[in-house]
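Have a look at model.txt; it's compact mmCIF, C-alpha atoms:
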# COMPACT_ATOMS: atom_id res chain seq x y z
CA MET Q 26 31.37 -28.08 13.47
CA ALA Q 27 28.99 -25.09 13.55
CA ASN Q 28 27.38 -24.98 10.11
CA ALA Q 29 23.65 -25.41 10.78
CA ILE Q 30 21.12 -22.86 9.58
CA ALA Q 31 18.22 -22.13 11.95
CA TYR Q 32 14.88 -20.76 10.77
CA ILE Q 33 13.55 -18.70 13.69
CA SER Q 34 9.97 -17.82 12.78
CA ARG Q 35 6.45 -19.06 13.52
CA ASP Q 36 5.28 -18.80 9.92
CA THR Q 37 5.01 -21.76 7.56
CA ASP Q 38 7.77 -20.90 5.06
CA GLY Q 39 10.48 -23.00 6.70
CA LEU Q 40 10.31 -25.91 4.26
CA HIS Q 41 10.31 -23.48 1.34
CA TRP Q 42 13.49 -21.87 2.62
CA LYS Q 43 15.08 -25.28 3.22
CA ARG Q 44 14.43 -26.26 -0.43
CA ILE Q 45 15.85 -23.01 -1.75
CA LEU Q 46 19.01 -23.19 0.37
CA SER Q 47 19.49 -26.88 -0.38
CA ASP Q 48 19.32 -26.12 -4.10
CA ALA Q 49 22.05 -23.51 -3.59
CA PHE Q 50 24.36 -25.39 -1.21
CA GLY Q 51 23.46 -29.06 -1.44
CA PRO Q 52 22.44 -31.02 1.68
CA ILE Q 53 22.28 -28.69 4.69
CA ASP Q 54 21.65 -28.98 8.40
CA PHE Q 55 18.44 -26.93 8.59
CA ARG Q 56 16.74 -26.37 11.93
CA THR Q 57 13.41 -24.78 12.91
CA LEU Q 58 12.12 -23.42 16.20
CA ASP Q 59 10.59 -26.80 16.98
CA SER Q 60 13.75 -28.76 16.17
CA LEU Q 61 16.76 -26.69 17.21
CA GLY Q 62 18.65 -29.60 18.74
CA ASP Q 63 22.20 -28.84 19.85
CA THR Q 64 22.31 -25.06 19.37
CA ALA Q 65 26.11 -25.05 19.43
CA ALA Q 66 25.92 -26.26 15.80
CA ILE Q 67 23.97 -23.21 14.62
CA GLU Q 68 26.08 -20.88 12.48
CA ILE Q 69 23.36 -18.77 10.81
CA ALA Q 70 19.92 -17.69 12.00
CA LEU Q 71 17.20 -16.57 9.61
CA ALA Q 72 14.96 -14.71 12.03
CA TRP Q 73 11.64 -12.93 12.31
CA LYS Q 74 10.60 -11.77 15.80
CA PRO Q 75 12.78 -14.27 17.67
CA PRO Q 76 12.02 -14.91 21.35
CA ARG Q 77 14.02 -12.61 23.61
CA GLY Q 78 17.43 -14.06 24.41
CA LEU Q 79 17.15 -17.01 22.04
CA LEU Q 80 19.80 -15.84 19.57
CA ALA Q 81 22.21 -15.18 22.44
CA SER Q 82 21.96 -18.86 23.36
CA PHE Q 83 23.51 -19.89 20.02
CA ARG Q 84 27.09 -19.65 21.22
CA ASN Q 85 28.70 -20.23 17.80
CA LEU Q 86 26.38 -17.94 15.83
CA LYS Q 87 28.17 -16.02 13.08
CA LEU Q 88 25.35 -14.31 11.17
CA ILE Q 89 21.81 -13.06 11.87
CA VAL Q 90 19.60 -12.56 8.82
CA SER Q 91 16.43 -10.50 9.23
CA LEU Q 92 13.61 -12.10 7.26
CA GLY Q 93 12.16 -8.64 6.74
CA MET Q 94 13.58 -5.47 5.26
CA GLY Q 95 13.21 -3.85 8.68
CA VAL Q 96 15.22 -4.98 11.71
CA ASP Q 97 13.41 -3.36 14.63
CA HIS Q 98 11.99 -6.78 15.54
CA LEU Q 99 15.57 -7.96 16.13
CA LEU Q 100 16.86 -4.85 17.86
CA ALA Q 101 14.00 -5.06 20.35
CA ASP Q 102 15.92 -7.96 21.91
CA ASP Q 103 18.24 -6.43 24.51
CA GLN Q 104 20.17 -9.70 24.70
CA LEU Q 105 21.36 -9.89 21.09
CA PRO Q 106 24.79 -11.52 20.90
CA GLU Q 107 27.39 -8.79 20.76
CA GLY Q 108 29.53 -8.63 17.65
CA VAL Q 109 27.41 -10.96 15.50
CA PRO Q 110 26.67 -9.16 12.21
CA ILE Q 111 23.06 -8.50 11.26
CA VAL Q 112 22.01 -8.29 7.62
CA ARG Q 113 18.61 -7.61 6.15
CA ILE Q 114 17.01 -8.91 3.02
CA MET Q 115 16.65 -6.84 -0.12
CA ASP Q 116 13.51 -8.20 -1.75
CA ASP Q 117 12.34 -6.70 -5.04
CA GLY Q 118 9.11 -8.65 -4.72
CA LEU Q 119 8.36 -7.14 -1.32
CA VAL Q 120 9.29 -3.66 -2.56
CA GLY Q 121 6.77 -4.01 -5.39
CA GLN Q 122 4.05 -5.16 -3.01
CA MET Q 123 4.60 -2.15 -0.77
CA SER Q 124 4.33 0.38 -3.57
CA GLU Q 125 1.17 -1.39 -4.81
CA TYR Q 126 -0.36 -1.00 -1.36
CA ALA Q 127 0.36 2.72 -1.19
CA ILE Q 128 -0.85 3.39 -4.71
CA TYR Q 129 -4.06 1.41 -4.20
CA TRP Q 130 -5.16 3.37 -1.14
CA ALA Q 131 -4.01 6.70 -2.58
CA LEU Q 132 -5.99 6.16 -5.79
CA ARG Q 133 -9.01 4.95 -3.84
CA HIS Q 134 -8.96 8.22 -1.90
CA HIS Q 135 -8.05 10.37 -4.90
CA ARG Q 136 -10.93 9.03 -7.01
CA ASP Q 137 -13.50 9.11 -4.16
CA ILE Q 138 -14.22 5.39 -4.47
CA ASP Q 139 -15.58 5.09 -0.93
CA LYS Q 140 -18.01 7.94 -1.56
CA TYR Q 141 -19.20 6.28 -4.76
CA ALA Q 142 -19.60 2.99 -2.90
CA GLU Q 143 -21.88 4.77 -0.42
CA SER Q 144 -23.84 6.29 -3.32
CA GLN Q 145 -24.28 2.80 -4.75
CA ARG Q 146 -25.67 1.52 -1.46
CA LYS Q 147 -28.15 4.42 -1.48
CA LYS Q 148 -28.88 3.95 -5.21
CA GLU Q 149 -27.86 7.56 -5.82
CA TRP Q 150 -26.39 8.74 -9.14
CA LYS Q 151 -24.13 11.43 -7.73
CA PRO Q 152 -21.04 12.52 -9.71
CA LEU Q 153 -18.50 14.41 -7.58
CA ASP Q 154 -16.17 17.21 -8.55
CA PHE Q 155 -12.97 15.82 -10.03
CA VAL Q 156 -9.62 16.73 -8.46
CA ASP Q 157 -6.83 17.02 -11.03
CA THR Q 158 -3.89 14.76 -10.28
CA LEU Q 159 -1.65 17.82 -10.49
CA HIS Q 160 -3.45 19.21 -7.45
CA ARG Q 161 -3.06 16.08 -5.29
CA ARG Q 162 0.39 16.22 -3.76
CA VAL Q 163 1.88 12.99 -2.43
CA GLY Q 164 4.50 12.92 0.32
CA VAL Q 165 6.54 9.77 0.96
CA MET Q 166 8.07 9.76 4.43
CA GLY Q 167 11.20 7.63 4.26
CA LEU Q 168 13.43 7.33 1.20
CA GLY Q 169 15.03 3.94 1.59
CA THR Q 170 14.60 1.28 -1.07
CA ILE Q 171 10.83 1.00 -0.58
CA GLY Q 172 10.27 4.73 -0.25
CA GLN Q 173 12.23 5.57 -3.38
CA ASP Q 174 10.36 2.97 -5.43
CA THR Q 175 7.01 4.21 -4.11
CA ALA Q 176 7.81 7.87 -4.76
CA LYS Q 177 9.00 7.20 -8.30
CA LYS Q 178 5.80 5.29 -9.14
CA PHE Q 179 3.59 8.07 -7.79
CA ALA Q 180 5.53 10.58 -9.86
CA MET Q 181 5.08 8.40 -12.97
CA LEU Q 182 1.32 8.55 -12.37
CA GLY Q 183 1.46 12.34 -12.52
CA PHE Q 184 1.20 13.19 -8.83
CA PRO Q 185 3.49 15.99 -7.61
CA THR Q 186 5.62 13.85 -5.33
CA ALA Q 187 8.00 14.71 -2.53
CA GLY Q 188 10.05 12.66 -0.11
CA TRP Q 189 11.43 13.23 3.36
CA SER Q 190 14.38 11.47 4.94
CA ARG Q 191 16.63 11.91 7.95
CA THR Q 192 19.58 12.88 5.79
CA ALA Q 193 19.68 14.56 2.39
CA ARG Q 194 18.72 12.51 -0.67
CA THR Q 195 18.43 13.47 -4.34
CA LEU Q 196 15.92 11.74 -6.65
CA ASP Q 197 15.11 12.67 -10.22
CA GLY Q 198 11.60 14.07 -10.49
CA ILE Q 199 11.05 14.04 -6.71
CA GLU Q 200 11.19 17.10 -4.48
CA THR Q 201 13.19 16.12 -1.42
CA PHE Q 202 13.30 17.38 2.16
CA HIS Q 203 15.39 16.18 5.07
CA GLY Q 204 15.98 16.54 8.76
CA ALA Q 205 14.00 18.39 11.38
CA ASP Q 206 14.22 21.64 9.42
CA GLY Q 207 12.60 20.12 6.35
CA LEU Q 208 9.87 18.13 8.07
CA GLN Q 209 7.27 20.87 8.50
CA LYS Q 210 7.67 22.08 4.91
CA PHE Q 211 7.34 18.52 3.67
CA LEU Q 212 4.19 17.87 5.68
CA ALA Q 213 2.62 21.18 4.65
CA ARG Q 214 2.69 20.17 0.98
CA SER Q 215 1.49 16.55 1.42
CA ASP Q 216 -2.19 16.00 0.61
CA ILE Q 217 -1.55 12.25 0.82
CA LEU Q 218 1.08 11.19 3.35
CA VAL Q 219 2.67 7.75 2.99
CA ALA Q 220 4.79 6.50 5.90
CA VAL Q 221 7.64 4.14 4.96
CA LEU Q 222 10.12 5.04 7.70
CA PRO Q 223 12.06 2.45 9.69
CA LEU Q 224 11.30 2.33 13.40
CA THR Q 225 14.21 3.77 15.36
CA ARG Q 226 14.57 5.72 18.58
CA ASN Q 227 14.39 8.90 16.47
CA THR Q 228 11.23 7.98 14.54
CA ARG Q 229 9.16 6.44 17.35
CA GLY Q 230 6.13 8.70 17.90
CA LEU Q 231 7.24 11.08 15.15
CA LEU Q 232 3.70 11.24 13.74
CA ASP Q 233 2.08 13.08 16.62
CA ALA Q 234 -0.46 15.89 16.99
CA LYS Q 235 2.05 18.47 15.75
CA ALA Q 236 2.84 16.44 12.65
CA PHE Q 237 -0.80 15.84 11.73
CA ALA Q 238 -1.60 19.53 12.31
CA ALA Q 239 1.14 20.47 9.82
CA LEU Q 240 -0.59 18.60 6.98
CA PRO Q 241 -3.09 20.39 4.72
CA ARG Q 242 -6.60 20.13 6.13
CA GLY Q 243 -8.34 17.05 4.77
CA ALA Q 244 -5.10 15.15 4.09
CA TYR Q 245 -5.12 11.36 3.81
CA PHE Q 246 -2.70 9.15 5.72
CA ILE Q 247 -1.27 5.75 4.71
CA ASN Q 248 0.93 3.87 7.19
CA MET Q 249 2.69 0.80 5.82
CA ALA Q 250 5.86 1.25 7.90
CA ARG Q 251 5.60 0.55 11.63
CA GLY Q 252 2.78 1.25 14.08
CA PRO Q 253 4.87 2.92 16.80
CA LEU Q 254 5.70 5.77 14.42
CA VAL Q 255 2.19 7.00 15.23
CA GLU Q 256 0.61 8.34 18.39
CA ASP Q 257 -2.83 6.75 18.15
CA ASP Q 258 -4.64 9.40 20.20
CA ALA Q 259 -3.26 12.12 17.94
CA LEU Q 260 -4.37 10.28 14.80
CA LEU Q 261 -7.87 9.69 16.17
CA ALA Q 262 -8.15 13.35 17.15
CA ALA Q 263 -7.04 14.49 13.69
CA LEU Q 264 -9.68 12.24 12.11
CA ALA Q 265 -12.38 13.50 14.48
CA SER Q 266 -11.60 17.16 13.76
CA GLY Q 267 -11.50 16.71 9.98
CA GLN Q 268 -7.83 17.60 9.84
CA LEU Q 269 -7.44 14.16 8.29
CA SER Q 270 -10.10 12.90 5.90
CA GLY Q 271 -9.12 9.26 6.36
CA ALA Q 272 -6.39 6.71 6.94
CA ALA Q 273 -5.30 3.33 5.63
CA LEU Q 274 -3.37 1.49 8.32
CA ASP Q 275 -1.45 -1.75 7.87
CA VAL Q 276 0.68 -1.57 11.03
CA PHE Q 277 -0.14 -0.81 14.65
CA ASN Q 278 1.33 -0.13 18.07
CA GLN Q 279 0.00 -3.50 19.17
CA GLU Q 280 -0.29 -6.43 16.78
CA PRO Q 281 -2.62 -8.19 16.36
CA LEU Q 282 -4.80 -5.11 16.75
CA PRO Q 283 -6.94 -5.62 19.90
CA ALA Q 284 -10.59 -6.38 19.21
CA ASP Q 285 -11.74 -3.33 21.20
CA HIS Q 286 -9.50 -0.85 19.38
CA PRO Q 287 -11.44 2.06 17.79
CA TYR Q 288 -9.65 1.63 14.47
CA TRP Q 289 -11.67 -1.51 13.72
CA THR Q 290 -14.99 0.31 13.48
CA HIS Q 291 -13.88 3.86 12.68
CA PRO Q 292 -15.76 5.13 9.61
CA LYS Q 293 -12.66 6.91 8.28
CA VAL Q 294 -10.13 4.11 8.84
CA HIS Q 295 -9.26 1.09 6.72
CA VAL Q 296 -7.44 -1.69 8.60
CA THR Q 297 -5.30 -4.44 7.06
CA PRO Q 298 -3.34 -7.03 9.10
CA HIS Q 299 0.29 -6.13 8.32
CA ILE Q 300 0.11 -7.49 4.77
CA ALA Q 301 1.35 -4.52 2.71
CA GLY Q 302 4.51 -6.46 1.91
CA ALA Q 303 5.36 -10.09 2.61
CA THR Q 304 8.82 -11.58 2.20
CA ASN Q 305 8.90 -13.64 -0.98
CA PRO Q 306 11.51 -16.42 -0.68
CA ARG Q 307 11.92 -16.52 -4.47
CA THR Q 308 12.94 -12.86 -4.70
CA ALA Q 309 14.58 -12.52 -1.27
CA SER Q 310 16.78 -15.62 -1.41
CA PRO Q 311 19.53 -14.44 -3.81
CA GLY Q 312 20.82 -11.89 -1.30
CA ILE Q 313 20.71 -14.38 1.56
CA ILE Q 314 22.56 -16.98 -0.50
CA GLU Q 315 25.18 -14.41 -1.46
CA ASN Q 316 25.71 -13.42 2.18
CA ILE Q 317 26.12 -17.03 3.28
CA LYS Q 318 28.76 -17.49 0.58
CA ARG Q 319 30.49 -14.29 1.67
CA LEU Q 320 30.42 -15.30 5.33
CA ARG Q 321 31.96 -18.69 4.61
CA SER Q 322 34.65 -17.23 2.36
CA GLY Q 323 35.51 -14.36 4.70
CA ARG Q 324 34.32 -11.59 2.39
CA GLU Q 325 32.46 -8.39 3.30
CA LEU Q 326 28.72 -8.87 3.82
CA ILE Q 327 26.08 -6.97 1.88
CA ASN Q 328 23.01 -5.20 3.31
CA ARG Q 329 24.61 -5.08 6.75
CA VAL Q 330 22.72 -3.18 9.45
CA ASP Q 331 24.17 -0.70 11.93
CA PRO Q 332 22.44 -1.51 15.24
CA ARG Q 333 23.08 2.07 16.42
CA THR Q 334 20.91 3.61 13.72
CA GLY Q 335 18.51 0.70 13.18
CA TYR Q 336 19.06 0.43 9.44
Exercise: express the given structure as structure tokens:
Amino acid sequence: MANAIAYISRDTDGLHWKRILSDAFGPIDFRTLDSLGDTAAIEIALAWKPPRGLLASFRNLKLIVSLGMGVDHLLADDQLPEGVPIVRIMDDGLVGQMSEYAIYWALRHHRDIDKYAESQRKKEWKPLDFVDTLHRRVGVMGLGTIGQDTAKKFAMLGFPTAGWSRTARTLDGIETFHGADGLQKFLARSDILVAVLPLTRNTRGLLDAKAFAALPRGAYFINMARGPLVEDDALLAALASGQLSGAALDVFNQEPLPADHPYWTHPKVHVTPHIAGATNPRTASPGIIENIKRLRSGRELINRVDPRTGY
């Protein structure tokens, strides 16, 4: 009988997930990448960046669960088993981490902390002109769960906040733009741009030379979404020209970031190793448990992904 759950990831959370799921369902047949055994028994795969073609080899697979809120890592596999539903986690803990990341780098830029750190190294007492929060406009690119939470928190801090999405959204206290027609207007009013978009065929390379040129001169860029949203040469050129005053980057076109990449040593770039938000089993597990129950009772799944749109 196919009822095993396979944990398809190279991280070290497998035992944690096994404990959580065992508490919910009692003794379970839990497999990891190193102990898959007879794959015909695998009913459910909890997956993060699975090897190409692996999921297709599970011939009785009934559900694929993305261990991240994004699913581009799954859709990159051109051999995904046809007709097997894909669901993503909804993790309040991860959502909170992401908004913390954006707010930290935005405030660091807004309050000139790097400039004061340089003054400290030079032993210079050098107060800078203060920029009123009302004059520092934040733009959140992507208004899914993470983007909405991030935008609302910026607005609560007093920043004039706007959001852009592919289709129209309405959020209290947030100016919203959508579609190709709204993109240039959105960028033109964003002194701090925060990217939270999913990676799809429509968003790949969206942040190019034209997009950076549309921002106010001296804008600051935070990318905590996906690296391939950005054309690296365009970003480096915008930093070199002063069109962008700086960037905080958590995601990259190639990960790990190659040792010879200019981002590592660029004086205007802060690099972090894809840590803006990490899946927290404690906060992510309720949705996974609910979907397993729904699958086994024949009910409609929650947080299901449309592979055609990528979200």
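You can rank Q:Gly230, Q:Pro283, Q:Gly51, Q:Pro292 by their closest distance to Q:Asp258 using only C-alpha atoms, and at the top of that list sits Q:Gly230.
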Legend entry - Ref. answer, residues at most 12 Å from (31.7, -12.6, 10.7) with all atoms listed in the file, as a ChimeraX atom specification: /Q:68-69,85-89,107-112,316-327,329
Notebook entry, point to check: Which is closer to Q:Thr225 than all the others in Q:Pro287, Q:Arg191, Q:Leu105, Q:Gly302, using only C-alpha atoms?
Noted result: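 Between Q:Pro287, Q:Arg191, Q:Leu105, Q:Gly302, the residue approaching Q:Thr225 most closely is Q:Arg191.
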**Report entry** Within 12 Å of Q:Arg333 using all atoms listed in the file, minus same-chain residues under 3 positions, as a PyMOL selection string
**Finding:** chain Q and resi 96-97+100+111+225-227+330+336
List every protein, DNA or RNA residue that has at least one atom no more than 7 Å from (-0.9, -2.3, 7.7) in the file's coordinates, counting all atoms listed in the file, and write the result as a compact mmCIF listing (two decimals) with C-alpha atoms, keeping the file's coordinate frame.
# COMPACT_ATOMS: atom_id res chain seq x y z
CA ASN Q 248 0.93 3.87 7.19
CA MET Q 249 2.69 0.80 5.82
CA LEU Q 274 -3.37 1.49 8.32
CA ASP Q 275 -1.45 -1.75 7.87
CA VAL Q 276 0.68 -1.57 11.03
CA VAL Q 296 -7.44 -1.69 8.60
CA THR Q 297 -5.30 -4.44 7.06
CA PRO Q 298 -3.34 -7.03 9.10
CA HIS Q 299 0.29 -6.13 8.32
CA ILE Q 300 0.11 -7.49 4.77
CA ALA Q 301 1.35 -4.52 2.71
Non-local contacts of Q:Arg77 (8 Å; all atoms listed in the file; under 6 positions in same chain excluded) as a ChimeraX atom specification: /Q:102-104
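Among the candidates Q:Ala176, Q:Ala284, Q:Gly167, Q:Pro52, the residue lying nearest to Q:Trp189 is Q:Gly167 (atoms considered: all atoms listed in the file).
Taking atom CA of Q:Ala187 and atom CA of Q:Leu208 as the two end points, the separation is 11.3 Å.
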Close residues, Q:Ala66 itself excluded, 9 Å, only C-alpha atoms, min 3 positions apart in chain, as number ranges by chain: Q: 26-30, 54, 62-63, 83-86
Restricting to all atoms listed in the file, whichever of Q:Lys210, Q:Tyr141, Q:Val219, Q:Ile114 is closest to Q:Tyr129 is Q:Val219
Please provide as an MDAnalysis selection string all residues within 7 Å of stretch 231-238 of chain Q, with the sequence filter that same-chain residues fewer than 5 positions apart are discarded (counting only C-alpha atoms).
chainID Q and resid 254:256 259 263 268
From atom CA of Q:Ala303 to atom CA of Q:Gly93 the spacing works out at 8.1 Å
From atom CA of Q:His98 to atom CA of Q:Asp59 the spacing works out at 20.1 Å
* Name all residues at most 12 Å from Q:Asp48 (count only C-alpha atoms; drop same-chain ones fewer than 6 positions away) and give them as a list in words. =>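 Close residues of Q:Asp48: His41, Trp42, Ser310, Pro311 and Ile314 of chain Q.
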